[in-house]
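*Asks:* I am attaching a structure below and will ask some questions about it afterwards.
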Amino acid sequence: MRLGGRSRPPDCHPVLPAAGLALPGRFGGTAQAAPPGISCLRPDGLRQFTQTRSTPGRRPSGRMTWPEDGVALTCGVPALRLRSAVRDDAASVNLLPEDAIWLLHMDSIAGTVDLGVTSFRWVAGEDRLSFRGSAARRLEALGVGSIEDLLRLVAEDERQDARLAWRTHAELEGPLRLNLSIDVGRKQLRRVSLHACMEDGISRGTLADVTGEHAAGGTGGTGPDADGEGPDLDGIGPYTYDAEAGLHRWSTQLCRLIGLSPDRDQRLSTDAILARIHPGDLDRFERAAATAMQRPEPYRLQYRMQAEDGRVVHVEDRGIPFGPRDPETGRFRCARGVLIDVTDRATTETRLSEASAMLAALFENAPLGLAIWDTDLRYVRVNERLAEMNGFPVERHLGKRPDELLPGIDGLEGLLGRWREVARSGEPWLDVEIEGETAAAPGRRRSWLEHFYPISVDGRTIGLAGIVEETTERKAAEVALRQSEMRLKEVLDGTLAFIGIVDDEGRLTEINAAALELGGHRREDVIGKRVWESAFWSDDPMTAQAIEEAVALAREGGVSHFDVTTRAADGSDVNLDWMLSPTLDDMGQVRYMTISAVDITERVRAAEQVETLLREVNHRSKNMLALVQAIARQTARSGATDFIERFSQRIASLSRSQDLLVSSDWKPVDLRALVLGQLDHLRDLVDRQVTLAGPPFELPPEQAHILGMAIHELATNATKYGALSTPEGTVSIAWSVEGPHSSRRLTLGWTERSGPPVALPDRRGFGTTVLKDLVESSLGAEVDLDYAPAGLSWAIRTGGVAPVAATGTDAARAARVLVVEDEALLAYEFADVLRDAGFEVVGPAGSVAMARRLLEHEPCDIAVLDINLGRETSEPLAEQLLGRKIPVIAISGYSKEQHPTVFRDAHFMPKPFDARRLVPKIRALIS
């Protein structure tokens with residue numbers, strides 16, 4: 001086929017005669033001949049082909065619109081590819097088949113392209129742009145796969161502004177709105193509106209064809225917005241600069257940013273712009289601007305401007321010069337850019353700088369010595385005060401260790417070890433008293449009070465900080481003060497609240513009202529009587545005797561000072577700090593004696609309470625250390641390669657249970673609160689993948705630890721390998737309670753479903769021990785642990801386990817050891833160690849009653865008894881065993897002096913201790 005000729009290419013089929021053209025199925029279903037004079041419509045109604053009836057002697061003509069996607073219309077089979085036979089702008093084509101001549105008039109071969117509304121997604125790190133929507137195919141056909149590809153389609157006079165706007169959008173991750181003219185091919189420019197938002201390095205938005213709206217609105221503008229104002233971004237305003245004319249055109253946004261009225265003339269002279277520059281930045285701005293206009297690359301300046309209302313606005317000026325250069329200066333004659341309001345950022349940076357300067361000043365000028373070491377204990381920074389204390393200049397310290405500069409400090413090797421421990425553990429070491437000599441005062445003993453803190457970044461210790469206060473003078477002052485206080489006390493001891501005068505015969509001659517009111521006595525009832533026979537001490541013979549002896553001592557010039565107890569008027573006991581002191585004449589003879597006393601009842605009670613609390617804290621701390629020790633050994637024993645992680649998680653679980661116990665004042669703990677506490681790290685899954693159901697129920701404190709550890713082990717396993725390792729998996733935690741309040745039975749179940757298939761573990765680890773043995777022992781519960789393929793299930797029922805008499809080897813070859821310990825984990829470890837050593841273990845038991853039931857079935861050769869068993873002690877059991885001449889090893893966190901009397905004949909091992917130490921101790925006692 002050729003235009004205006006009489007031949008056709010060999011692949012063209014002759015156009016059908018007047019009966020009609022054959023239309024392909026895409027234009028109306030099945031291909032068929034179009035009847036003469038009938039329009040053929042596509043199913044979407046957008047394209048048509050019409051043919052006039054053939055008349056003898058006349059050439060038939062047809063009319064068609066070219067398809068949108070550029071695919072050729074076909075006339076018969078094989079296809080007649082008109083697209084390749086004509087130019088894009090051809091108005092008609094003559095087809096000269098062999099048997100007929102047809103003239104097809106083409107209204108628009110190229111057609112009209114409407115981009116519609118298309119969504120896009122741009123990944124900044126890869127500069128990858130993808131589309132979805134009506135124009136996706138067209139844009140991809142145009143090779144648009146990146147922002148730069150898209151910008152190449154933008155009209156040339158708008159391209160630089162669009163590129164600058166997009167760069168600002170990407171850097172600030174702010175919203176963007178652009179109106180652009182895009183060349184979509186076939187010599188068509190389409191007006192599009194682009195909206196985008198960016199988050200986490202990904203920009204998402206829409207591209208809408210607004211060509212019709214733009215033409216109807218008659219804006220006729222070009223550039224980043226329909227009104228020529230540039231991108232609508234908060235705190236950003238575009239501008240253009242004509243260096244030759246000396247004029248700056250500011251956008252509405254920029255006028256608002258600087259506080260100018262948007263209605264005013266937005267063309268400003270260079271002098272007007274310079275008048276807005278902060279005086280302190282003017283010289284620097286002029287130099288930087290001149291340099292920027294000479295370089296064919298983007299520039300970036302920062303300076304301050306004075307707003308209309310007097311505010312100082314910090315701006316970042318980003319732009320690029322363009323256009324021809326001035327032949328004399330070599331500078332570009334134009335520039336486009338944006339001003340970005342960075343006042344908040346600049347203010348923050350200024351504040352941070354000021355804060356840093358203040359901290360540096362504080363460090364250098366502090367009256368205390370300050371130092372920073374790296375993890376090798378080498379000085380990184382010291383202040384002048386510490387340098388003065390050590391006797392070396394600041395720079396002499398840097399890179400040195402304390403032992404290299406201060407060999408005269410007492411116990412330096414021990415200090416270095418403790419400092420390393422601070423770096424390793426991340427725990428501070430406070431109130432450290434250090435003594436020794438430094439180069440600042442050779443030969444003089446000095447003292448310091450020091451505190452050491454780890455410096456951590458992202459959980460990793462990178463160094464140590466130290467605060468040093470010299471206490472040499474203060475300690476000397478404290479010694480002098482104590483001596484002065486002793487002298488003052490000697491004076492005050494004669495004038496205490498309870499005051500009485502006694503003659504050399506020991507008779508009361510005077511007494512103050514406070515003393516009478518305290519005992520509820522009348523003056524005549526006590527005056528004239530010997531003090532030890534007075535109503536104050538009438539019902540306490542031992543106190544009366546002590547006072548009589550004090551009077552005898554005072555006759556010899558001696559002073560007596562001790563605590564006594566007297567009966568108050570309301571019948572209560574009152575503790576008194578009581579003193580009897582003689583007053584001598586010039587000859588050294590006793591003139592009279594003074595009784596003085598002060599009520600110390602509250603102090604005595606407070607001291608007793610403090611002593612009790614300290615004993616209890618000491619006991620519980622040692623118990624807790626023993627628990628931690630047991631967890632560490634059991635975790636290590638299980639052979640876990642991730643020991644640190646598992647051990648840390650188990651200690652965290654123990655800590656959560658401990659917090660719950662402390663918050664409840666060691667009273668029974670709510671079961672739901674205990675479970676939720678162990679699932680705290682999974683709180684986002686609760687009520688979605690994890691469900692809890694059950695009535696209120698309280699657990700005794702001694703059982704809460706073990707059940708909390710069990711829930712932790714289940715949650716850890718479910719997260720790593722079970723149902724919670726997949727989004728579809730679920731865990732159901734349900735419990736019920738039966739029986740009266742005094743003997744309620746708990747049934748608790750953990751059920752996993754929709755997780756990975758479950759298989760029986762190939763070895764028994766510490767987690768299984770907790771779930772089975774410790775729960776059975778601590779809660780007295782029946783435990784069912786099922787590794788069904790559909791999901792792990794674990795169920796307990798309290799009150800259903802009978803005590804086990806003994807386990808281990810043949811009784812004929814092994815001694816039987818009764819183990820009584822209320823902490824189930826410690827009890828399990830003791831029993832485990834003893835079984836490994838060849839002993840038979842009776843128990844373990846968590847109470848005296850359980851131990852006695854065990855002994856009814858099987859006697860023991862030796863017993864290991866924890867003295868404190870929750871709300872009771874093992875004292876009656878110890879009496880029973882010692883009465884039978886059975887050796888007893890007592891274990892406790894309390895010191896031996898605090899034990900009940902019966903345990904004085906028992907062997908004692910203080911907590912915490914290595915359970916393996918029991919083995920030689922037991923063998924020695926049995927042998």
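By convention here, the chains of the structure tokens are called A, B, ... in the order presented, each chain's residues are numbered starting at 1, and ligands are numbered starting at 1 in the order presented.
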Would you list the contacts of A:Ala824 as a list of chain:residue names, taking every protein, DNA or RNA residue within 8 Å and counting only C-alpha atoms, but skipping same-chain residues closer than 6 positions in sequence?
*Replies:*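 The filter keeps A:Ile706, A:Leu774, A:Val775, A:Ser777, A:Ser778, A:Gly846.
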*Asks:* Go ahead and write the selection's residues with C-alpha atoms as a short mmCIF file (atom, residue, chain, number, x, y, z; two decimals), in the first residue's frame.
*Replies:*
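Result went into selection.cif, see below:
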data_model
loop_
_atom_site.label_atom_id
_atom_site.label_comp_id
_atom_site.auth_asym_id
_atom_site.auth_seq_id
_atom_site.Cartn_x
_atom_site.Cartn_y
_atom_site.Cartn_z
CA ILE A 706 6.39 -20.74 90.45
CA LEU A 774 7.90 -27.39 90.26
CA VAL A 775 4.19 -26.72 89.69
CA SER A 777 5.53 -29.53 94.15
CA SER A 778 4.68 -25.89 94.84
CA GLY A 846 6.86 -27.28 101.39
#
*Asks:* What parts of stretch 147-215 of chain A does DSSP call helix (DSSP H, G or I)? I'd like the answer as a list in words.
*Replies:*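 Residues meeting the helix (DSSP H, G or I) criterion: Ile147, Glu148, Asp149, Leu150, Leu151, Arg152, Leu153, Glu156, Asp157, Glu158, Arg159, Gln160, Asp161, Ala162, Arg163, Leu164, Ala165, Trp166, Arg167, Thr168, His169, Ala170, Glu171, Leu172, Thr211, Gly212, Glu213, His214 and Ala215 of chain A.
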*Asks:* Would you kindly return, as a PyMOL selection string, each protein, DNA or RNA residue with an atom no farther than 7 Å from any atom of A:Pro454, considering only C-alpha atoms and excluding same-chain residues fewer than 4 positions away?
*Replies:* chain A and resi 422-423+426-428+461+463-465
*Asks:* Neighbours of A:Ala924 within 12 Å (only C-alpha atoms; same-chain residues fewer than 4 positions away dropped), as a compact mmCIF listing (two decimals) with N, CA and C atoms, in the first residue's frame?
*Replies:*
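See result-v8.txt below for the written result:
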# COMPACT_ATOMS: atom_id res chain seq x y z
N ILE A 862 18.55 -38.26 107.66
CA ILE A 862 19.03 -36.90 107.90
C ILE A 862 18.03 -35.95 107.25
N PRO A 887 20.12 -36.26 112.54
CA PRO A 887 20.81 -34.99 112.27
C PRO A 887 19.95 -34.05 111.42
N ILE A 889 20.16 -30.36 109.18
CA ILE A 889 20.90 -29.23 108.60
C ILE A 889 19.88 -28.12 108.40
N HIS A 907 23.00 -28.22 112.53
CA HIS A 907 24.05 -27.68 111.67
C HIS A 907 23.42 -26.63 110.76
N ARG A 917 27.18 -28.07 97.94
CA ARG A 917 27.85 -28.12 99.24
C ARG A 917 27.11 -29.00 100.24
N LEU A 918 25.85 -29.31 99.93
CA LEU A 918 25.10 -30.20 100.82
C LEU A 918 25.68 -31.61 100.83
N VAL A 919 26.22 -32.04 99.68
CA VAL A 919 26.64 -33.44 99.54
C VAL A 919 27.74 -33.80 100.54
N PRO A 920 28.88 -33.10 100.60
CA PRO A 920 29.91 -33.47 101.60
C PRO A 920 29.42 -33.26 103.03
*Asks:* Provide the atom CA of A:Leu430 to atom CA of A:Ile462 distance in Å, to one decimal place.
*Replies:* 18.9 Å
*Asks:* Which residue, A:Leu699, A:Met709, A:Leu416, A:Ala155, has the smallest gap to A:Phe766 when you use only C-alpha atoms?
*Replies:*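 Closest residue, counting only C-alpha atoms: A:Met709.
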*Asks:* Env of stretch 544-554 of chain A: 12 Å cut, atoms = only C-alpha atoms, seq-sep filter 2 positions within chain, self excluded. Answer as a ChimeraX atom specification.
*Replies:* /A:501-508,530-542,556-566,578-584,589-595
*Asks:* So that I can check the surroundings of A:Glu364, please list as a ChimeraX atom specification every protein, DNA and RNA residue that reaches within 12 Å of it, counting only C-alpha atoms and ignoring chain neighbours fewer than 4 positions away.
*Replies:* /A:357-360,368-371,381-387,394
*Asks:* Which residues come within 7 Å of A:Asp341, counting only C-alpha atoms, excluding same-chain residues fewer than 4 positions away, as a list in words?
*Replies:*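 Surrounding residues, per the criterion: Gly235, Ile236, Val313, His314, Val315 and Glu316 of chain A.
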*Asks:* Report, in Å to a single decimal, how far apart atom CA of A:Gly201 and atom CA of A:Glu171 are.
*Replies:*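 Going from atom CA of A:Glu171 over to atom CA of A:Gly201, I get 9.2 Å.
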*Asks:* Work out how far atom CA of A:Tyr894 is from atom CA of A:Leu881, in Å to one decimal.
*Replies:*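 Between atom CA of A:Leu881 and atom CA of A:Tyr894 the gap works out to 21.3 Å.
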*Asks:* Can you work out which one of A:Ala915, A:Pro700, A:Arg688, A:Gly323 has the shortest atom-to-atom distance to A:Lys667, counting only C-alpha atoms?
*Replies:* A:Pro700
